[in-house]
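File shown: work-v1.pdb (PDB, C-alpha atoms and all ligand atoms).
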```pdb
ATOM      1  CA  MET H   1     -37.898  58.706  -2.776  1.00  0.00           C
ATOM      2  CA  LYS H   2     -40.003  55.969  -4.394  1.00  0.00           C
ATOM      3  CA  LYS H   3     -36.914  54.491  -6.061  1.00  0.00           C
ATOM      4  CA  PHE H   4     -35.093  54.508  -2.727  1.00  0.00           C
ATOM      5  CA  THR H   5     -38.017  52.632  -1.117  1.00  0.00           C
ATOM      6  CA  TYR H   6     -37.883  49.906  -3.798  1.00  0.00           C
ATOM      7  CA  VAL H   7     -34.126  49.477  -3.304  1.00  0.00           C
ATOM      8  CA  PHE H   8     -34.587  49.348   0.464  1.00  0.00           C
ATOM      9  CA  VAL H   9     -37.372  46.726   0.276  1.00  0.00           C
ATOM     10  CA  GLY H  10     -35.245  44.759  -2.230  1.00  0.00           C
ATOM     11  CA  LEU H  11     -32.270  44.755   0.131  1.00  0.00           C
ATOM     12  CA  ILE H  12     -34.438  43.521   3.015  1.00  0.00           C
ATOM     13  CA  TYR H  13     -35.726  40.709   0.804  1.00  0.00           C
ATOM     14  CA  VAL H  14     -32.185  39.677  -0.221  1.00  0.00           C
ATOM     15  CA  PHE H  15     -31.076  39.806   3.425  1.00  0.00           C
ATOM     16  CA  LEU H  16     -34.027  37.664   4.568  1.00  0.00           C
ATOM     17  CA  SER H  17     -33.542  35.047   1.858  1.00  0.00           C
ATOM     18  CA  PHE H  18     -29.846  34.682   2.767  1.00  0.00           C
ATOM     19  CA  SER H  19     -30.513  34.601   6.494  1.00  0.00           C
ATOM     20  CA  GLN H  20     -33.034  31.777   6.026  1.00  0.00           C
ATOM     21  CA  GLU H  21     -30.590  29.509   4.204  1.00  0.00           C
ATOM     22  CA  THR H  22     -29.680  26.507   6.288  1.00  0.00           C
ATOM     23  CA  SER H  23     -26.138  26.281   7.565  1.00  0.00           C
ATOM     24  CA  LEU H  24     -24.389  23.075   8.586  1.00  0.00           C
ATOM     25  CA  TYR H  25     -22.089  23.397  11.588  1.00  0.00           C
ATOM     26  CA  GLN H  26     -19.319  20.842  11.979  1.00  0.00           C
ATOM     27  CA  PHE H  27     -16.716  20.440  14.692  1.00  0.00           C
ATOM     28  CA  SER H  28     -13.379  18.847  13.666  1.00  0.00           C
ATOM     29  CA  THR H  29     -12.855  16.699  10.582  1.00  0.00           C
ATOM     30  CA  PHE H  30     -13.604  13.063   9.810  1.00  0.00           C
ATOM     31  CA  SER H  31      -9.923  12.500   9.007  1.00  0.00           C
ATOM     32  CA  ALA H  32      -9.013  13.759  12.513  1.00  0.00           C
ATOM     33  CA  LEU H  33     -11.546  11.387  14.090  1.00  0.00           C
ATOM     34  CA  SER H  34     -10.377   8.466  11.951  1.00  0.00           C
ATOM     35  CA  ASN H  35      -6.788   9.124  13.110  1.00  0.00           C
ATOM     36  CA  GLY H  36      -7.738   8.726  16.791  1.00  0.00           C
ATOM     37  CA  LEU H  37      -8.405  12.319  17.847  1.00  0.00           C
ATOM     38  CA  TYR H  38     -11.252  11.357  20.201  1.00  0.00           C
ATOM     39  CA  GLU H  39     -11.142  14.260  22.664  1.00  0.00           C
ATOM     40  CA  SER H  40     -11.919  17.963  22.526  1.00  0.00           C
ATOM     41  CA  SER H  41     -12.807  20.724  24.943  1.00  0.00           C
ATOM     42  CA  ILE H  42     -16.001  21.615  23.038  1.00  0.00           C
ATOM     43  CA  SER H  43     -19.102  21.013  25.155  1.00  0.00           C
ATOM     44  CA  LEU H  44     -22.607  20.422  23.802  1.00  0.00           C
ATOM     45  CA  GLU H  45     -23.566  23.687  25.508  1.00  0.00           C
ATOM     46  CA  LYS H  46     -21.326  25.620  23.080  1.00  0.00           C
ATOM     47  CA  ILE H  47     -22.820  23.862  20.056  1.00  0.00           C
ATOM     48  CA  LYS H  48     -26.532  23.482  20.784  1.00  0.00           C
ATOM     49  CA  ASP H  49     -27.555  26.805  19.208  1.00  0.00           C
ATOM     50  CA  PHE H  50     -26.341  25.636  15.777  1.00  0.00           C
ATOM     51  CA  GLY H  51     -29.220  23.210  15.325  1.00  0.00           C
ATOM     52  CA  ASP H  52     -31.671  20.571  16.489  1.00  0.00           C
ATOM     53  CA  PHE H  53     -30.755  17.701  14.127  1.00  0.00           C
ATOM     54  CA  GLY H  54     -27.361  16.026  14.022  1.00  0.00           C
ATOM     55  CA  ILE H  55     -24.972  13.115  14.400  1.00  0.00           C
ATOM     56  CA  GLY H  56     -21.487  12.548  15.790  1.00  0.00           C
ATOM     57  CA  THR H  57     -19.845  10.991  18.808  1.00  0.00           C
ATOM     58  CA  TYR H  58     -18.797  11.863  22.366  1.00  0.00           C
ATOM     59  CA  ASN H  59     -15.323  12.215  23.883  1.00  0.00           C
ATOM     60  CA  SER H  60     -13.444   8.876  24.040  1.00  0.00           C
ATOM     61  CA  LEU H  61     -15.912   7.585  21.377  1.00  0.00           C
ATOM     62  CA  ASP H  62     -18.368   6.910  24.196  1.00  0.00           C
ATOM     63  CA  GLY H  63     -21.352   5.869  22.067  1.00  0.00           C
ATOM     64  CA  GLU H  64     -23.048   7.256  18.977  1.00  0.00           C
ATOM     65  CA  LEU H  65     -24.315  10.840  19.176  1.00  0.00           C
ATOM     66  CA  ILE H  66     -27.854  11.495  17.970  1.00  0.00           C
ATOM     67  CA  LEU H  67     -29.292  15.010  18.132  1.00  0.00           C
ATOM     68  CA  TYR H  68     -33.029  14.383  17.822  1.00  0.00           C
ATOM     69  CA  ASN H  69     -35.617  17.156  18.231  1.00  0.00           C
ATOM     70  CA  GLY H  70     -32.963  19.267  19.951  1.00  0.00           C
ATOM     71  CA  LYS H  71     -32.138  16.528  22.478  1.00  0.00           C
ATOM     72  CA  PHE H  72     -28.599  15.074  22.708  1.00  0.00           C
ATOM     73  CA  LEU H  73     -28.840  11.280  22.971  1.00  0.00           C
ATOM     74  CA  ARG H  74     -26.207   8.562  23.329  1.00  0.00           C
ATOM     75  CA  ALA H  75     -26.691   5.140  21.761  1.00  0.00           C
ATOM     76  CA  LYS H  76     -24.493   2.989  23.956  1.00  0.00           C
ATOM     77  CA  ALA H  77     -22.656  -0.252  23.352  1.00  0.00           C
ATOM     78  CA  ASP H  78     -24.531  -1.813  26.274  1.00  0.00           C
ATOM     79  CA  SER H  79     -28.141  -1.769  27.455  1.00  0.00           C
ATOM     80  CA  ILE H  80     -29.790  -1.513  30.864  1.00  0.00           C
ATOM     81  CA  ASN H  81     -33.373  -2.726  31.381  1.00  0.00           C
ATOM     82  CA  HIS H  82     -33.930  -3.061  27.615  1.00  0.00           C
ATOM     83  CA  LYS H  83     -32.984   0.580  27.078  1.00  0.00           C
ATOM     84  CA  GLN H  84     -29.814   1.311  25.149  1.00  0.00           C
ATOM     85  CA  VAL H  85     -30.167   5.090  24.609  1.00  0.00           C
ATOM     86  CA  GLU H  86     -29.716   7.777  27.275  1.00  0.00           C
ATOM     87  CA  GLU H  87     -29.999  11.554  27.294  1.00  0.00           C
ATOM     88  CA  VAL H  88     -26.644  13.298  27.603  1.00  0.00           C
ATOM     89  CA  ARG H  89     -25.850  16.188  29.919  1.00  0.00           C
ATOM     90  CA  ILE H  90     -25.073  19.478  28.245  1.00  0.00           C
ATOM     91  CA  TYR H  91     -21.552  19.806  29.677  1.00  0.00           C
ATOM     92  CA  GLU H  92     -20.337  16.591  27.986  1.00  0.00           C
ATOM     93  CA  LYS H  93     -17.887  17.089  25.115  1.00  0.00           C
ATOM     94  CA  THR H  94     -17.639  15.961  21.528  1.00  0.00           C
ATOM     95  CA  PRO H  95     -14.640  15.301  19.252  1.00  0.00           C
ATOM     96  CA  PHE H  96     -16.829  15.277  16.093  1.00  0.00           C
ATOM     97  CA  ILE H  97     -20.339  16.487  15.347  1.00  0.00           C
ATOM     98  CA  GLU H  98     -22.379  17.837  12.438  1.00  0.00           C
ATOM     99  CA  LEU H  99     -25.737  19.526  12.887  1.00  0.00           C
ATOM    100  CA  VAL H 100     -28.307  21.785  11.245  1.00  0.00           C
ATOM    101  CA  GLN H 101     -31.509  23.536  12.152  1.00  0.00           C
ATOM    102  CA  PHE H 102     -33.629  21.114  10.150  1.00  0.00           C
ATOM    103  CA  LYS H 103     -36.108  22.592   7.693  1.00  0.00           C
ATOM    104  CA  SER H 104     -38.040  20.363   5.312  1.00  0.00           C
ATOM    105  CA  ASP H 105     -37.435  21.898   1.844  1.00  0.00           C
ATOM    106  CA  THR H 106     -38.956  18.928   0.039  1.00  0.00           C
ATOM    107  CA  ALA H 107     -40.671  15.717   1.110  1.00  0.00           C
ATOM    108  CA  PHE H 108     -41.977  12.517  -0.435  1.00  0.00           C
ATOM    109  CA  THR H 109     -43.156   9.041   0.536  1.00  0.00           C
ATOM    110  CA  ILE H 110     -41.655   5.799  -0.738  1.00  0.00           C
ATOM    111  CA  ASN H 111     -44.128   2.929  -1.016  1.00  0.00           C
ATOM    112  CA  LYS H 112     -42.010  -0.108  -1.768  1.00  0.00           C
ATOM    113  CA  GLN H 113     -39.681  -2.613  -0.173  1.00  0.00           C
ATOM    114  CA  LEU H 114     -36.630  -0.644   0.824  1.00  0.00           C
ATOM    115  CA  ASP H 115     -33.138  -1.128   2.214  1.00  0.00           C
ATOM    116  CA  LEU H 116     -30.283   1.277   2.885  1.00  0.00           C
ATOM    117  CA  ASN H 117     -28.665   1.084  -0.577  1.00  0.00           C
ATOM    118  CA  LEU H 118     -31.993   1.622  -2.328  1.00  0.00           C
ATOM    119  CA  LEU H 119     -32.878   4.557  -0.053  1.00  0.00           C
ATOM    120  CA  ASP H 120     -29.545   6.265  -0.864  1.00  0.00           C
ATOM    121  CA  SER H 121     -30.088   5.816  -4.610  1.00  0.00           C
ATOM    122  CA  ILE H 122     -33.731   7.005  -4.536  1.00  0.00           C
ATOM    123  CA  ILE H 123     -32.711  10.188  -2.685  1.00  0.00           C
ATOM    124  CA  SER H 124     -29.798  10.795  -5.064  1.00  0.00           C
ATOM    125  CA  ALA H 125     -32.129  10.444  -8.061  1.00  0.00           C
ATOM    126  CA  PHE H 126     -34.654  12.830  -6.491  1.00  0.00           C
ATOM    127  CA  VAL H 127     -32.443  15.769  -5.435  1.00  0.00           C
ATOM    128  CA  PRO H 128     -31.482  18.461  -7.963  1.00  0.00           C
ATOM    129  CA  THR H 129     -27.690  18.121  -7.664  1.00  0.00           C
ATOM    130  CA  LYS H 130     -24.989  15.986  -6.058  1.00  0.00           C
ATOM    131  CA  ASN H 131     -22.860  19.077  -5.445  1.00  0.00           C
ATOM    132  CA  ILE H 132     -24.547  20.543  -2.363  1.00  0.00           C
ATOM    133  CA  MET H 133     -25.066  19.096   1.126  1.00  0.00           C
ATOM    134  CA  TYR H 134     -28.323  17.642   2.421  1.00  0.00           C
ATOM    135  CA  ALA H 135     -29.719  16.803   5.834  1.00  0.00           C
ATOM    136  CA  VAL H 136     -32.277  14.000   5.482  1.00  0.00           C
ATOM    137  CA  ARG H 137     -34.931  12.814   7.919  1.00  0.00           C
ATOM    138  CA  VAL H 138     -36.622   9.466   7.266  1.00  0.00           C
ATOM    139  CA  GLU H 139     -39.502   8.141   9.344  1.00  0.00           C
ATOM    140  CA  ALA H 140     -40.766   4.577   9.057  1.00  0.00           C
ATOM    141  CA  LYS H 141     -41.836   1.447  10.795  1.00  0.00           C
ATOM    142  CA  PHE H 142     -38.803  -0.759  10.205  1.00  0.00           C
ATOM    143  CA  ASN H 143     -39.300  -4.503   9.846  1.00  0.00           C
ATOM    144  CA  LYS H 144     -35.567  -4.796  10.505  1.00  0.00           C
ATOM    145  CA  LEU H 145     -33.011  -2.247  11.647  1.00  0.00           C
ATOM    146  CA  LYS H 146     -29.298  -2.989  12.097  1.00  0.00           C
ATOM    147  CA  CYS H 147     -27.190  -0.465  14.023  1.00  0.00           C
ATOM    148  CA  ARG H 148     -23.850  -0.353  15.759  1.00  0.00           C
ATOM    149  CA  SER H 149     -22.382   1.515  18.703  1.00  0.00           C
ATOM    150  CA  VAL H 150     -18.665   1.847  19.344  1.00  0.00           C
ATOM    151  CA  SER H 151     -17.416   1.154  22.885  1.00  0.00           C
ATOM    152  CA  LYS H 152     -15.746   3.852  24.964  1.00  0.00           C
ATOM    153  CA  GLN H 153     -12.028   3.885  24.162  1.00  0.00           C
ATOM    154  CA  VAL H 154      -9.084   4.185  26.531  1.00  0.00           C
ATOM    155  CA  LYS H 155      -5.723   5.814  25.873  1.00  0.00           C
ATOM    156  CA  PRO H 156      -3.523   5.349  23.942  1.00  0.00           C
ATOM    157  CA  TYR H 157      -6.287   5.650  21.356  1.00  0.00           C
ATOM    158  CA  LYS H 158      -6.346   3.292  18.399  1.00  0.00           C
ATOM    159  CA  LYS H 159      -7.244   4.543  14.929  1.00  0.00           C
ATOM    160  CA  LEU H 160     -10.980   4.503  14.208  1.00  0.00           C
ATOM    161  CA  VAL H 161     -10.655   1.613  11.764  1.00  0.00           C
ATOM    162  CA  GLU H 162      -9.347  -0.482  14.725  1.00  0.00           C
ATOM    163  CA  ALA H 163     -11.727   0.997  17.321  1.00  0.00           C
ATOM    164  CA  VAL H 164     -14.832   0.002  15.328  1.00  0.00           C
ATOM    165  CA  LYS H 165     -13.762  -3.643  15.672  1.00  0.00           C
ATOM    166  CA  ASP H 166     -14.939  -3.300  19.323  1.00  0.00           C
ATOM    167  CA  GLN H 167     -18.385  -2.254  18.105  1.00  0.00           C
ATOM    168  CA  LYS H 168     -21.591  -3.757  19.390  1.00  0.00           C
ATOM    169  CA  ILE H 169     -24.098  -4.671  16.662  1.00  0.00           C
ATOM    170  CA  TRP H 170     -27.764  -4.196  17.478  1.00  0.00           C
ATOM    171  CA  LYS H 171     -30.543  -5.877  15.480  1.00  0.00           C
ATOM    172  CA  PHE H 172     -34.083  -4.628  16.021  1.00  0.00           C
ATOM    173  CA  GLU H 173     -37.369  -5.847  14.587  1.00  0.00           C
ATOM    174  CA  SER H 174     -40.661  -4.044  14.070  1.00  0.00           C
ATOM    175  CA  LEU H 175     -39.401  -0.705  15.359  1.00  0.00           C
ATOM    176  CA  ASN H 176     -40.830   2.784  14.777  1.00  0.00           C
ATOM    177  CA  ALA H 177     -37.767   4.919  14.218  1.00  0.00           C
ATOM    178  CA  VAL H 178     -36.336   8.037  12.594  1.00  0.00           C
ATOM    179  CA  LEU H 179     -33.169   8.087  10.502  1.00  0.00           C
ATOM    180  CA  ILE H 180     -30.983  11.151  10.834  1.00  0.00           C
ATOM    181  CA  GLY H 181     -28.748  11.448   7.807  1.00  0.00           C
ATOM    182  CA  PHE H 182     -26.355  13.745   6.023  1.00  0.00           C
ATOM    183  CA  TYR H 183     -25.209  13.691   2.426  1.00  0.00           C
ATOM    184  CA  MET H 184     -21.800  15.179   1.632  1.00  0.00           C
ATOM    185  CA  PRO H 185     -20.408  15.694  -1.882  1.00  0.00           C
ATOM    186  CA  ASP H 186     -17.259  13.808  -2.922  1.00  0.00           C
ATOM    187  CA  TYR H 187     -15.154  16.956  -2.712  1.00  0.00           C
ATOM    188  CA  MET H 188     -15.752  17.008   1.089  1.00  0.00           C
ATOM    189  CA  LYS H 189     -13.684  13.834   1.672  1.00  0.00           C
ATOM    190  CA  ASP H 190     -11.166  14.231   4.544  1.00  0.00           C
ATOM    191  CA  ILE H 191     -13.459  16.887   6.045  1.00  0.00           C
ATOM    192  CA  ASN H 192     -16.503  14.613   6.283  1.00  0.00           C
ATOM    193  CA  VAL H 193     -17.773  11.285   4.916  1.00  0.00           C
ATOM    194  CA  PRO H 194     -18.634  11.528   1.199  1.00  0.00           C
ATOM    195  CA  GLY H 195     -22.097  10.184   0.368  1.00  0.00           C
ATOM    196  CA  TYR H 196     -24.619   9.334   3.086  1.00  0.00           C
ATOM    197  CA  HIS H 197     -24.007   8.876   6.817  1.00  0.00           C
ATOM    198  CA  TRP H 198     -26.999   7.760   8.875  1.00  0.00           C
ATOM    199  CA  HIS H 199     -27.809   7.325  12.537  1.00  0.00           C
ATOM    200  CA  ALA H 200     -31.125   5.907  13.761  1.00  0.00           C
ATOM    201  CA  ILE H 201     -33.263   6.555  16.828  1.00  0.00           C
ATOM    202  CA  SER H 202     -36.467   4.778  17.826  1.00  0.00           C
ATOM    203  CA  THR H 203     -39.345   7.214  18.280  1.00  0.00           C
ATOM    204  CA  ASP H 204     -39.600   6.183  21.961  1.00  0.00           C
ATOM    205  CA  GLU H 205     -35.871   7.127  22.275  1.00  0.00           C
ATOM    206  CA  ARG H 206     -34.910   3.741  23.734  1.00  0.00           C
ATOM    207  CA  PHE H 207     -32.844   2.263  20.876  1.00  0.00           C
ATOM    208  CA  GLY H 208     -30.545   3.534  18.163  1.00  0.00           C
ATOM    209  CA  GLY H 209     -27.028   3.838  16.780  1.00  0.00           C
ATOM    210  CA  HIS H 210     -24.969   4.243  13.622  1.00  0.00           C
ATOM    211  CA  LEU H 211     -27.115   2.705  10.887  1.00  0.00           C
ATOM    212  CA  LEU H 212     -25.737  -0.293   8.980  1.00  0.00           C
ATOM    213  CA  ASP H 213     -28.881  -1.538   7.194  1.00  0.00           C
ATOM    214  CA  PHE H 214     -32.648  -1.854   7.404  1.00  0.00           C
ATOM    215  CA  GLU H 215     -35.768  -3.219   5.761  1.00  0.00           C
ATOM    216  CA  CYS H 216     -39.101  -1.432   5.539  1.00  0.00           C
ATOM    217  CA  SER H 217     -41.998  -1.215   3.092  1.00  0.00           C
ATOM    218  CA  GLU H 218     -42.958   2.458   3.427  1.00  0.00           C
ATOM    219  CA  ALA H 219     -40.947   5.522   4.409  1.00  0.00           C
ATOM    220  CA  LYS H 220     -41.521   9.256   4.680  1.00  0.00           C
ATOM    221  CA  VAL H 221     -38.491  11.245   3.507  1.00  0.00           C
ATOM    222  CA  GLU H 222     -37.847  14.927   4.259  1.00  0.00           C
ATOM    223  CA  ILE H 223     -34.848  16.740   2.779  1.00  0.00           C
ATOM    224  CA  CYS H 224     -33.209  19.949   3.932  1.00  0.00           C
ATOM    225  CA  PHE H 225     -31.001  21.699   1.342  1.00  0.00           C
ATOM    226  CA  VAL H 226     -27.708  22.974   2.765  1.00  0.00           C
ATOM    227  CA  HIS H 227     -25.638  25.631   0.983  1.00  0.00           C
ATOM    228  CA  ASN H 228     -23.645  26.938   3.946  1.00  0.00           C
ATOM    229  CA  PHE H 229     -20.924  25.208   5.906  1.00  0.00           C
ATOM    230  CA  LYS H 230     -19.254  26.316   9.124  1.00  0.00           C
ATOM    231  CA  LEU H 231     -16.217  24.282  10.156  1.00  0.00           C
ATOM    232  CA  GLN H 232     -14.712  24.732  13.597  1.00  0.00           C
ATOM    233  CA  LEU H 233     -11.300  23.116  14.052  1.00  0.00           C
ATOM    234  CA  PRO H 234      -9.842  21.760  17.307  1.00  0.00           C
ATOM    235  CA  SER H 235      -7.286  23.894  19.086  1.00  0.00           C
ATOM    236  CA  ASN H 236      -4.834  21.394  20.544  1.00  0.00           C
ATOM    237  CA  THR H 237      -1.386  19.941  19.812  1.00  0.00           C
ATOM    238  CA  ASP H 238      -2.715  16.479  18.833  1.00  0.00           C
ATOM    239  CA  PHE H 239      -4.699  18.060  16.003  1.00  0.00           C
ATOM    240  CA  ASN H 240      -1.850  20.421  15.078  1.00  0.00           C
ATOM    241  CA  ASN H 241       0.648  17.543  14.793  1.00  0.00           C
ATOM    242  CA  SER H 242      -1.514  14.923  13.035  1.00  0.00           C
ATOM    243  CA  THR H 243      -1.358  13.811   9.439  1.00  0.00           C
ATOM    244  CA  LEU H 244      -5.007  14.129   8.485  1.00  0.00           C
ATOM    245  CA  LYS H 245      -5.735  11.505   5.870  1.00  0.00           C
ATOM    246  CA  CYS H 246      -8.288   8.698   5.608  1.00  0.00           C
ATOM    247  CA  SER H 247      -8.344   6.276   2.667  1.00  0.00           C
ATOM    248  CA  LYS H 248     -11.590   5.282   0.936  1.00  0.00           C
ATOM    249  CA  GLN H 249     -11.052   1.674   2.104  1.00  0.00           C
ATOM    250  CA  GLU H 250     -10.784   2.827   5.741  1.00  0.00           C
ATOM    251  CA  THR H 251     -13.854   5.086   5.411  1.00  0.00           C
ATOM    252  CA  ASP H 252     -15.928   2.243   3.894  1.00  0.00           C
ATOM    253  CA  TYR H 253     -14.910  -0.133   6.674  1.00  0.00           C
ATOM    254  CA  ILE H 254     -15.638   2.461   9.389  1.00  0.00           C
ATOM    255  CA  GLU H 255     -18.982   3.565   7.979  1.00  0.00           C
ATOM    256  CA  LYS H 256     -20.422   0.443   6.399  1.00  0.00           C
ATOM    257  CA  ASN H 257     -18.402  -2.453   7.837  1.00  0.00           C
ATOM    258  CA  LYS H 258     -17.402  -3.290   4.240  1.00  0.00           C
TER     259      LYS H 258
HETATM  260 ZN    ZN H 301     -21.980   7.359  12.513  1.00  0.00          ZN
END
```
As structure tokens, how would this structure be written, given the file I've shared?
Ligand SMILES: [Zn+2]
Amino acid sequence: MKKFTYVFVGLIYVFLSFSQETSLYQFSTFSALSNGLYESSISLEKIKDFGDFGIGTYNSLDGELILYNGKFLRAKADSINHKQVEEVRIYEKTPFIELVQFKSDTAFTINKQLDLNLLDSIISAFVPTKNIMYAVRVEAKFNKLKCRSVSKQVKPYKKLVEAVKDQKIWKFESLNAVLIGFYMPDYMKDINVPGYHWHAISTDERFGGHLLDFECSEAKVEICFVHNFKLQLPSNTDFNNSTLKCSKQETDYIEKNK
């Protein structure tokens, strides 16, 4: 009986430790998005239970998607009354999103002059392996923050590498903001963007976008380790009939404007 009890308690422990592991949910693939598949029938309502922290875009590429503290926000390519971010209604749809229930597994503070390249390399040097996924939250007062938002597209849709040429660049100064980032291993290319992909949101939720660069002198970094991946694929003929490839040159231009 005693032996049985130990086995039972052991099984509960194993079950709990697995159930607590963070899972990343993703809808569609980056290669599908980069090939102009900008519409789906998946609403935010169907996705919201997968997490409170994420990035992506909305149908017709209508702004940058930022899931911040469980709230779906849109960083637009235009601004009204010095406010460029709006909250998005739950029945709107997304052609590409990735999200997690964020849990800070490790955290540290950086006390030196920092930009985007240096941040990426400091995180890469800190984490135990480049072979798992990470969700990363960075909070700072940014001396400079450079973001972009893509304009809403009309049919027939251009490829993403063309669509980002319509982007609006936003330059902010002295802004309290949070960076919402994901790291994907190289072997995830075509499914997602290898390396880091960051969006930014000001803590007053007025400004944000897809992050291109920044400057700050102190930053608080929190990292969530991700060992589980759930991929949901679109169910439509455009996806079924597409050739899903995206070259490294295209990805670099889309993500970094390089
Ligand atoms: Zn982005």
Worksheet item: Got a sec: who's within 9 Å of Lys256 (chain H), counting all atoms listed in the file, leaving out chain neighbours fewer than 6 positions off, as a ChimeraX atom specification?
Response: /H:211-213
Worksheet entry | Nearby residues, ligand ZN 301 (chain H), 7 Å, all atoms listed in the file, as a ChimeraX atom specification | /H:55-56,64,197-199,210,255
Worksheet item: Please, what distance in Å, to one decimal, runs between CA of Asp166 (chain H) and CA of His82 (chain H)?
Response: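 So the two atoms, CA of Asp166 (chain H) and CA of His82 (chain H), lie 20.7 Å apart.
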Item to complete: For each of H:Ser31, H:Ala75, H:Pro185, H:Thr243, take the minimum atom-to-atom distance to Asn131 (chain H), counting all atoms listed in the file, then give the residue where this is smallest.
Response: H:Pro185
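Each of H:Tyr196, H:Trp170, H:Phe214, H:Phe96 was compared to Asp62 (chain H) using all atoms listed in the file, and H:Phe96 turns out to be the nearest.
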Item to complete: Convert the output of the PyMOL selection byres (((chain H and resi 219) around 12) and not hetatm) on the shown file into explicit residues, formatted as a PyMOL selection string.
Response: chain H and resi 107-116+118-119+122-123+137-143+176-179+214-218+220-222
Worksheet item: Between H:Pro234, H:Tyr58, H:Ile201, H:Arg89, which has the minimum distance to Gln153 (chain H) (counting all atoms listed in the file)?
Response: H:Tyr58
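Of the residues under consideration (H:Leu233, H:Ile180, H:Ala32, H:Leu73), H:Ile180 shows the shortest atom-to-atom contact distance to Ala135 (chain H) when counting only C-alpha atoms.
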Practice prompt. In Å, rounded to a single decimal, give me how far CA of Gly63 (chain H) is from CA of Ser40 (chain H).
Written response: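 Calculated distance between CA of Ser40 (chain H) and CA of Gly63 (chain H) is 15.3 Å.
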Worksheet item: Which is closest to Glu45 (chain H) among H:Ile90, H:Ile132, H:Ile97, H:Val154, if we use only C-alpha atoms?
Response: H:Ile90
Worksheet item: CA of Ser247 (chain H) and CA of Lys93 (chain H) are how many Å apart?
Response: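 Calculated distance between CA of Ser247 (chain H) and CA of Lys93 (chain H) is 26.7 Å.
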Worksheet item: Tyr253 (chain H): which residues within 12 Å, counting all atoms listed in the file, same-chain residues fewer than 2 positions away excluded, as a VMD selection string?
Response: chain H and resid 34 160 to 165 193 212 246 to 251 255 to 258
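Closest approach to Asp78 (chain H) among H:Thr94, H:Thr237, H:Ser149, H:Ser121: H:Ser149, based on only C-alpha atoms.
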Worksheet item: Where does the PyMOL selection byres (((chain H and resi 230) around 6) and not hetatm) land in this file, that is, which residues does it pick, as number ranges by chain?
Response: H: 25, 229, 231
Item to complete: Give me the result of the PyMOL selection byres (((chain H and resi 183) around 6) and not hetatm) on this file, residue by residue, as a PyMOL selection string.
Response: chain H and resi 133-134+182+184+195-196
Practice prompt. Neighbourhood query: residues within 10 Å of (-38.8, 7.5, 20.5), file coordinates, counting all atoms listed in the file; return as a VMD selection string.
Written response: chain H and resid 68 85 175 to 178 201 to 208
Missing atoms in region 190-199 of chain H should be modelled up to N, CA, C and O atoms and reported as a JSON list (two decimals), in the frame of the given file.
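The resulting selection04.json:
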```
[["chain", "number", "residue", "atom", "x", "y", "z"],
["H", 190, "ASP", "N", -12.13, 13.76, 3.53],
["H", 190, "ASP", "CA", -11.17, 14.23, 4.54],
["H", 190, "ASP", "C", -11.85, 15.16, 5.56],
["H", 190, "ASP", "O", -11.57, 15.09, 6.74],
["H", 191, "ILE", "N", -12.74, 16.03, 5.09],
["H", 191, "ILE", "CA", -13.46, 16.89, 6.04],
["H", 191, "ILE", "C", -14.62, 16.11, 6.66],
["H", 191, "ILE", "O", -14.85, 16.15, 7.86],
["H", 192, "ASN", "N", -15.36, 15.38, 5.81],
["H", 192, "ASN", "CA", -16.50, 14.61, 6.28],
["H", 192, "ASN", "C", -16.55, 13.31, 5.49],
["H", 192, "ASN", "O", -15.60, 12.99, 4.76],
["H", 193, "VAL", "N", -17.63, 12.55, 5.64],
["H", 193, "VAL", "CA", -17.77, 11.28, 4.92],
["H", 193, "VAL", "C", -18.52, 11.56, 3.61],
["H", 193, "VAL", "O", -19.67, 12.00, 3.66],
["H", 194, "PRO", "N", -17.90, 11.30, 2.45],
["H", 194, "PRO", "CA", -18.63, 11.53, 1.20],
["H", 194, "PRO", "C", -19.82, 10.57, 1.07],
["H", 194, "PRO", "O", -19.74, 9.44, 1.55],
["H", 195, "GLY", "N", -20.90, 11.02, 0.47],
["H", 195, "GLY", "CA", -22.10, 10.18, 0.37],
["H", 195, "GLY", "C", -22.93, 10.34, 1.63],
["H", 195, "GLY", "O", -22.92, 11.39, 2.27],
["H", 196, "TYR", "N", -23.66, 9.26, 1.98],
["H", 196, "TYR", "CA", -24.62, 9.33, 3.09],
["H", 196, "TYR", "C", -24.04, 8.75, 4.37],
["H", 196, "TYR", "O", -23.32, 7.75, 4.34],
["H", 197, "HIS", "N", -24.38, 9.36, 5.48],
["H", 197, "HIS", "CA", -24.01, 8.88, 6.82],
["H", 197, "HIS", "C", -25.27, 8.98, 7.67],
["H", 197, "HIS", "O", -25.82, 10.06, 7.84],
["H", 198, "TRP", "N", -25.71, 7.83, 8.17],
["H", 198, "TRP", "CA", -27.00, 7.76, 8.88],
["H", 198, "TRP", "C", -26.85, 7.28, 10.30],
["H", 198, "TRP", "O", -26.12, 6.32, 10.56],
["H", 199, "HIS", "N", -27.57, 7.89, 11.21],
["H", 199, "HIS", "CA", -27.81, 7.32, 12.54],
["H", 199, "HIS", "C", -29.31, 7.10, 12.66],
["H", 199, "HIS", "O", -30.10, 7.71, 11.92]]
```
